[in-house]
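Notes for the one structure printed next.
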Amino acid sequence: MVRLSKCAIVLCTFIGASTIVVAEPLLKTVPPILLLATRFTLAAILLAVAAPKRVFPLTRNEVHAGFFAGIGFGVGSALLYLALPHVRAGKVTFLVALEVIIVPVVSALLYKQRLTRFELGALVLAVLGLWLIAGDAEGALSWWDIVGLLSAFAYALYTISLSRLAISGSIVGSTFVSFCIISVLSLATSYLSESFESARWSASGIKTLLYLATIGSVARFLIQAWAQKTVSASFTALTFTAEPVFAIGLSYIFLGERFSATQTCGAVVIIAALLIANAPRSKKVAATTSYFSPSPQERSNIS
């Protein structure tokens, strides 16, 4: 059973990487916020249908936690979708993955928490890796690279704030509320800032949307929720470190993306930073990780 659960966590990591890769082509024909709204509207409906007894009735605590999670995660996801049409899928995955290093740094600034030697080392490596992966050691980030980094900061702030909320009740119920909040806010934002008529839905685009909602959102959440009953949070966090690696492989196969030698070195350095950042967490219990509460990797995130 434990082995099967570990395989399920690896599968969730692969699915997380695939959602970014498959979304990139679709964002060329569908406005980003509209795609976000459509995806999570469908995901909310599917989750309610797939697990009605675990969703309803909703408690006040579930609504409260889901509301704040939906706002925080929605902002991070919106920034990710805005950057994705302009930044390669493999590259943006590495930028967003830096959340795991940003969390302790922001916590140190806001709450005066001392950084461990692991976190300091990871921060130094992350800065070096970011400089290399920015593009052939030129050391300059484009505007859309910065938007991708802002997505990582948004996810980090969301993770920190969510960890300080007293969450009780069904995780499935609070996740359903989060899906709904993302859907409503995205629909409103898209209505005010985007043209619905500009969306060009093709047969392949609809298939991609169904994949993002069913496999990338609902199935991934349910699989991870089941698997983490028997798998440690430390194993989950370390496994999520492989998400950028999966993204690079998938983007190479399906999108024809290539990393230069310098950028590849940067990717390796960032992976090392993520592993080091997760090292001290292996001694801590963080069993409350959920789809909307990465550890703090994202990832069970939408990306």
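Every chain in the structure tokens takes a letter, A first, then B, and so on in the order presented; its residues are numbered from 1, and the ligands are numbered from 1 following the presented order.
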Practice item. For Ser18 of chain A, please output as JSON, numbers by chain all residues within 12 Å (counting only C-alpha atoms; exclusion window: fewer than 3 positions along the same chain). Key: {"A": [11, 12, 13, 14, 15, 21, 22, 23, 24, 89, 90, 93, 208, 211, 212, 215, 216, 217, 220, 243, 244, 245, 246, 247, 248, 249, 250, 251, 252, 253, 254, 255, 299, 301, 302, 303]}
*Would you kindly return, as JSON, numbers by chain, each protein, DNA or RNA residue with an atom no farther than 12 Å from any atom of Ser77 of chain A, considering only C-alpha atoms and excluding same-chain residues fewer than 3 positions away?*
{"A": [19, 20, 32, 33, 35, 36, 37, 39, 40, 69, 70, 71, 72, 73, 74, 80, 81, 82, 83, 84, 96, 147, 148, 149, 150, 151, 152, 153, 154, 155, 156, 158, 179, 182, 183, 185, 186, 292, 298, 299, 300, 301, 302, 303]}
Quick one: residues within 12 Å of Leu34 of chain A, only C-alpha atoms counted, chain neighbours fewer than 6 positions away excluded, as a PDB file with N, CA and C atoms, in the first residue's frame?
ATOM      1  N   LEU A  26      -2.666  26.364 -25.525  1.00  0.00           N
ATOM      2  CA  LEU A  26      -4.052  26.817 -25.442  1.00  0.00           C
ATOM      3  C   LEU A  26      -4.138  28.304 -25.145  1.00  0.00           C
ATOM      4  N   LEU A  27      -3.171  28.816 -24.383  1.00  0.00           N
ATOM      5  CA  LEU A  27      -3.180  30.229 -24.013  1.00  0.00           C
ATOM      6  C   LEU A  27      -2.880  31.150 -25.197  1.00  0.00           C
ATOM      7  N   PHE A  40     -11.653  26.173 -13.560  1.00  0.00           N
ATOM      8  CA  PHE A  40     -12.052  25.931 -12.174  1.00  0.00           C
ATOM      9  C   PHE A  40     -13.563  25.904 -11.989  1.00  0.00           C
ATOM     10  N   THR A  41     -14.298  26.512 -12.910  1.00  0.00           N
ATOM     11  CA  THR A  41     -15.755  26.331 -12.876  1.00  0.00           C
ATOM     12  C   THR A  41     -16.097  24.873 -13.138  1.00  0.00           C
ATOM     13  N   ALA A  78      -3.319  33.155 -11.597  1.00  0.00           N
ATOM     14  CA  ALA A  78      -3.551  34.167 -12.630  1.00  0.00           C
ATOM     15  C   ALA A  78      -2.226  34.717 -13.151  1.00  0.00           C
ATOM     16  N   TYR A  81      -0.606  32.108 -15.395  1.00  0.00           N
ATOM     17  CA  TYR A  81      -1.232  32.024 -16.718  1.00  0.00           C
ATOM     18  C   TYR A  81      -0.914  33.251 -17.574  1.00  0.00           C
ATOM     19  N   LEU A  82      -0.747  34.408 -16.938  1.00  0.00           N
ATOM     20  CA  LEU A  82      -0.373  35.605 -17.682  1.00  0.00           C
ATOM     21  C   LEU A  82       1.046  35.489 -18.229  1.00  0.00           C
ATOM     22  N   ILE A 182     -12.076  30.895  -7.023  1.00  0.00           N
ATOM     23  CA  ILE A 182     -11.227  31.159  -8.189  1.00  0.00           C
ATOM     24  C   ILE A 182     -12.087  31.371  -9.423  1.00  0.00           C
ATOM     25  N   SER A 183     -13.119  30.542  -9.565  1.00  0.00           N
ATOM     26  CA  SER A 183     -14.008  30.648 -10.715  1.00  0.00           C
ATOM     27  C   SER A 183     -14.703  31.999 -10.762  1.00  0.00           C
ATOM     28  N   VAL A 184     -15.307  32.408  -9.656  1.00  0.00           N
ATOM     29  CA  VAL A 184     -16.065  33.660  -9.616  1.00  0.00           C
ATOM     30  C   VAL A 184     -15.158  34.868  -9.846  1.00  0.00           C
ATOM     31  N   LEU A 185     -14.020  34.929  -9.132  1.00  0.00           N
ATOM     32  CA  LEU A 185     -13.110  36.055  -9.264  1.00  0.00           C
ATOM     33  C   LEU A 185     -12.521  36.127 -10.677  1.00  0.00           C
ATOM     34  N   SER A 186     -12.196  34.974 -11.244  1.00  0.00           N
ATOM     35  CA  SER A 186     -11.619  34.951 -12.593  1.00  0.00           C
ATOM     36  C   SER A 186     -12.640  35.380 -13.634  1.00  0.00           C
ATOM     37  N   LEU A 187     -13.876  34.923 -13.486  1.00  0.00           N
ATOM     38  CA  LEU A 187     -14.926  35.323 -14.422  1.00  0.00           C
ATOM     39  C   LEU A 187     -15.139  36.837 -14.377  1.00  0.00           C
ATOM     40  N   ALA A 188     -15.166  37.398 -13.176  1.00  0.00           N
ATOM     41  CA  ALA A 188     -15.358  38.847 -13.040  1.00  0.00           C
ATOM     42  C   ALA A 188     -14.186  39.618 -13.641  1.00  0.00           C
ATOM     43  N   THR A 189     -12.960  39.156 -13.350  1.00  0.00           N
ATOM     44  CA  THR A 189     -11.766  39.830 -13.880  1.00  0.00           C
ATOM     45  C   THR A 189     -11.705  39.717 -15.392  1.00  0.00           C
ATOM     46  N   SER A 190     -12.024  38.530 -15.905  1.00  0.00           N
ATOM     47  CA  SER A 190     -12.001  38.326 -17.347  1.00  0.00           C
ATOM     48  C   SER A 190     -13.041  39.204 -18.040  1.00  0.00           C
ATOM     49  N   TYR A 191     -14.211  39.324 -17.432  1.00  0.00           N
ATOM     50  CA  TYR A 191     -15.286  40.142 -18.007  1.00  0.00           C
ATOM     51  C   TYR A 191     -14.867  41.606 -18.105  1.00  0.00           C
ATOM     52  N   LEU A 192     -14.102  42.077 -17.106  1.00  0.00           N
ATOM     53  CA  LEU A 192     -13.702  43.478 -17.068  1.00  0.00           C
ATOM     54  C   LEU A 192     -12.467  43.770 -17.915  1.00  0.00           C
ATOM     55  N   SER A 193     -11.614  42.775 -18.132  1.00  0.00           N
ATOM     56  CA  SER A 193     -10.316  43.050 -18.765  1.00  0.00           C
ATOM     57  C   SER A 193     -10.062  42.290 -20.066  1.00  0.00           C
ATOM     58  N   GLU A 194     -10.876  41.296 -20.376  1.00  0.00           N
ATOM     59  CA  GLU A 194     -10.633  40.482 -21.565  1.00  0.00           C
ATOM     60  C   GLU A 194     -11.881  40.451 -22.451  1.00  0.00           C
ATOM     61  N   SER A 195     -11.667  40.062 -23.682  1.00  0.00           N
ATOM     62  CA  SER A 195     -12.779  39.923 -24.619  1.00  0.00           C
ATOM     63  C   SER A 195     -13.122  38.447 -24.778  1.00  0.00           C
ATOM     64  N   PHE A 196     -14.331  38.087 -24.366  1.00  0.00           N
ATOM     65  CA  PHE A 196     -14.752  36.698 -24.501  1.00  0.00           C
ATOM     66  C   PHE A 196     -14.758  36.272 -25.971  1.00  0.00           C
ATOM     67  N   GLU A 197     -15.039  37.244 -26.860  1.00  0.00           N
ATOM     68  CA  GLU A 197     -15.115  36.922 -28.284  1.00  0.00           C
ATOM     69  C   GLU A 197     -13.754  36.569 -28.872  1.00  0.00           C
ATOM     70  N   SER A 198     -12.678  36.980 -28.190  1.00  0.00           N
ATOM     71  CA  SER A 198     -11.337  36.698 -28.709  1.00  0.00           C
ATOM     72  C   SER A 198     -10.925  35.243 -28.500  1.00  0.00           C
ATOM     73  N   ALA A 199     -11.662  34.526 -27.660  1.00  0.00           N
ATOM     74  CA  ALA A 199     -11.344  33.112 -27.413  1.00  0.00           C
ATOM     75  C   ALA A 199     -11.680  32.279 -28.648  1.00  0.00           C
ATOM     76  N   ARG A 200     -10.739  31.490 -29.076  1.00  0.00           N
ATOM     77  CA  ARG A 200     -10.934  30.607 -30.230  1.00  0.00           C
ATOM     78  C   ARG A 200     -10.782  29.166 -29.748  1.00  0.00           C
ATOM     79  N   TRP A 201     -11.907  28.542 -29.455  1.00  0.00           N
ATOM     80  CA  TRP A 201     -11.900  27.180 -28.947  1.00  0.00           C
ATOM     81  C   TRP A 201     -11.893  26.195 -30.114  1.00  0.00           C
ATOM     82  N   LEU A 209      -8.769  21.607 -22.121  1.00  0.00           N
ATOM     83  CA  LEU A 209      -9.541  22.133 -20.997  1.00  0.00           C
ATOM     84  C   LEU A 209     -10.082  20.998 -20.135  1.00  0.00           C
TER      85      LEU A 209
END
Using only C-alpha atoms, find each residue in segment 91-204 of chain A having at least one atom no more than 6 Å away from segment 273-277 of chain A; report its shortest atom-to-atom pair and that distance in Å (one decimal), rows by chain then rising number, as CSV.
residue,atom,partner,partner_atom,distance
A:Phe118,CA,A:Ala277,CA,5.8
A:Glu119,CA,A:Ala277,CA,5.2
A:Ala122,CA,A:Ala273,CA,4.3
A:Leu125,CA,A:Ala273,CA,5.5
A:Ala126,CA,A:Ala273,CA,5.7
(Q) Let's see if you can do this: from backbone DSSP, list all alpha helix (DSSP H) residues in segment 52-201 of chain A, as an NGL selection string. (A) :A and (52-55 or 60-83 or 89-97 or 99-111 or 117-133 or 143-163 or 171-193)
Neighbouring residues of Leu42 of chain A were defined as those with any atom within 7 Å, considering only C-alpha atoms; residues of the same chain fewer than 4 positions away were excluded. Please report them as a ChimeraX atom specification. /A:38,46,213
Å distance separating atom CA of Lys112 of chain A from atom CA of Ala97 of chain A, one decimal place
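Pair atom CA of Lys112 of chain A / atom CA of Ala97 of chain A returns 23.4 Å.
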